[in-house]
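A quick write-up on the structure given underneath.
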Amino acid sequence: MTEHPKVVIVGAGFGGLWAARELARSQADITILDRHNYHNFFPLLYQVAAAELEPEDIIYPVRSILRGKKQIRVVVDRVTGVDTINKRVNTLNRTFPYDYLILALGSTPRFFGIEGAAEYALPLRTIEDAIAVRNHILLRFERALYETDAEKRSRMLTFAIIGGGATGVEFAGALAELIWGPLSKDYSSLDFNEIRFMLLEASDYLLPGVHEKLQKYTLKRLRNMGVDVRLGAIVIQVTPESVVLKDGTVIPLETAIWTAGVGGAPLPEKADLQILKNGQVSVLPTLQVKEHPEIYIAGDFAHVEKDGHPIPMVAPLAMQEGQTAAKNILRQIKGLGPLPFHYFDLGTAVAIGRNAAAVDLLGHLFTGFIAWILWVGVSIYRLIGFRNKFLVLINWAWDYLFFERGVRLIVTVPEER
Ligand SMILES: Cc1cc2nc3c(=O)[nH]c(=O)nc-3n(C[C@H](O)[C@H](O)[C@H](O)COP(=O)(O)OP(=O)(O)OC[C@H]3O[C@@H](n4cnc5c(N)ncnc54)[C@H](O)[C@@H]3O)c2cc1C
């Protein structure tokens with residue numbers, strides 16, 4: 001019996017899963033490795049942090065997604081490194097030999113060396129982060145209720161999101177609605193005029209890279225929702241009790257949420273890969289690693305440029321890269337040369353609370369309710385699993401009709417920062 005080529009995929013995110021699905025059409029012997037047993041739909045992660053969705057509404061078991069694909073083996077283990085000489089992937093528990101390898105490890109928050117940011121700002125990158133942010137915010141309200149010291153209470157009721165990209169904007173909209181909506185009813189004895197809620201963006205506009213009309217619309221909409229959007233606000237320090245800006249402004253607070261930057265996910269052991277300063281790996285146009293044509297990089301972990309500029313890390317890019325890496329491996333197995341990757345960019349869709357979004361669909365711009373309907377459609381279509389689509393729609397409908405959030409649980413009490 002001839003042995004089929006071994007393909008190992010690291011990461012069951014958008015890049016890795018889409019590669020696995022493409023490879024499943026072949027005879028290759030495929031192993032997909034992830035430290036989690038679930039796939040995370042990050043575009044709706046902020047809604048978990050804003051008590052709008054349950055964590056399980058946006059995650060889906062990898063085994064269920066790949067059920068029935070007999071040649072794919074799913075392994076839950078943490079990858080610690082890659083031995084490119086002996087062609088092995090090392091995990092905490094085992095090693096996995098490969099003929100071809102796809103690395104789709106995703107990304108991790110980057111704090112740009114800002115003092116205290118890694119220690120005291122709350123990131124929004126994993127499901128655990130989202131739950132921690134939700135807990136933290138709800139706890140500030142619980143504690144503020146009984147805080148008699150006005151200065152301390154003001155710190156508890158000041159919230160800052162650092163970073164005005166898509167995640168920061170979407171979270172700001174959802175959080176504004178949570179605070180001025182259900183929380184204002186739950187904590188009616190608090191004076192909500194004491195609440196300060198700001199979005200801090202270092203550049204002079206929100207949503208970098210998006211059409212100016214959408215940027216202006218987003219800014220106006222968020223300000224109308226009660227978000228104090230500060231542009232040109234360069235954060236230089238985060239402490240447990242404040243955020244400090246470059247212009248000397250000190251904002252006393254207990255809640256700073258970091259959505260300002262991500263870089264390639266780290267591999268604990270050094271691998272023989274050209275890892276750039278931002279943690280991404282430099283790749284050839286075919287998505288191969290220069291020195292190792294049997295290794296492909298996909299998703300956030302890959303540094304890919306268009307017209308000399310890096311392409312932003314988004315899910316459709318990761319999916320298309322995963323598919324291209326898989327197709328190229330299948331070509332190599334057949335003795336053909338790999339083809340260069342071309343990104344087909346459909347555009348951007350950013351929700352700004354209920355009823356409003358900013359959408360660029362193939363250069364056609366939409367704002368307001370129509371854009372929001374488009375955003376809802378795209379999000380539901382892209383969510384994996386009928387159960388999740390159904391539950392998310394029910395939650396949104398509930399929220400929409402009753403201005404209510406179902407999920408306001410403080411599930412664990414985080415340590416005092
Ligand atoms: C909060 C947030 C909001 C976002 N919103 C949007 C949006 O609205 N629209 C959009 O298009 N994009 C959005 N993105 C970006 C999008 O989610 C990413 O571009 C996409 O997930 C990248 O896919 P990936 O496969 O590279 O990485 P991921 O989807 O992150 O998957 C990487 C996988 O690798 C696994 N992994 C990592 N390290 C190891 C290890 N050492 N061992 C084993 N497994 C490992 C992880 O567990 C994970 O499952 C958002 C991202 C975040 C964080």
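Numbering starts fresh at 1 for the residues of each chain in the structure tokens, the chains themselves are lettered A, B, ... in the order given, and ligands are numbered from 1 as they appear.
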
Next item on the list: Return as an MDAnalysis selection string the residues of protein, DNA or RNA that approach ligand 1 to within 8 Å, with only C-alpha atoms and all ligand atoms taken into account.
Entry: chainID A and resid 10:17 33:36 38:46 76:81 91 104:107 124:126 166:167 259 265:268 298:302 312:319 322 348:350

Quick one: residues within 9 Å of Ala174 (chain A), only C-alpha atoms counted, chain neighbours fewer than 3 positions away excluded, as a PyMOL selection string?
-> chain A and resi 46-47+50-52+169-171+177-179+351-354

Could you pull out all residues of region 231-276 of chain A with a DSSP call of strand (DSSP E or B) and give them as a list in words? Leu231, Val235, Ile236, Gln237, Val238, Thr239, Ser242, Val243, Val244, Leu245, Val250, Ile251, Pro252, Thr255, Ala256, Ile257, Trp258, Val262, Gly263, Gly264 and Ile275 of chain A

Next, write the just-selected residues to a file, as a compact mmCIF listing (two decimals), in the first residue's frame, keeping C-alpha atoms as the atom set.
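Okay, this is what ended up in part.txt:
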```txt
# COMPACT_ATOMS: atom_id res chain seq x y z
CA LEU A 231 -8.62 61.39 18.08
CA VAL A 235 -1.40 56.52 24.98
CA ILE A 236 2.08 56.42 26.53
CA GLN A 237 1.36 54.69 29.83
CA VAL A 238 -1.24 52.51 31.49
CA THR A 239 -1.28 52.05 35.26
CA SER A 242 -4.96 55.65 34.96
CA VAL A 243 -4.17 56.03 31.31
CA VAL A 244 -1.62 58.70 30.43
CA LEU A 245 -1.60 60.44 27.04
CA VAL A 250 -4.00 61.73 32.84
CA ILE A 251 -7.29 59.84 32.75
CA PRO A 252 -8.04 58.26 36.14
CA THR A 255 -10.84 49.97 33.00
CA ALA A 256 -8.65 50.30 29.91
CA ILE A 257 -9.45 47.82 27.13
CA TRP A 258 -6.80 47.16 24.52
CA VAL A 262 -2.05 42.59 17.10
CA GLY A 263 0.96 40.74 15.76
CA GLY A 264 1.75 37.17 14.74
CA ILE A 275 9.89 36.03 11.87
```
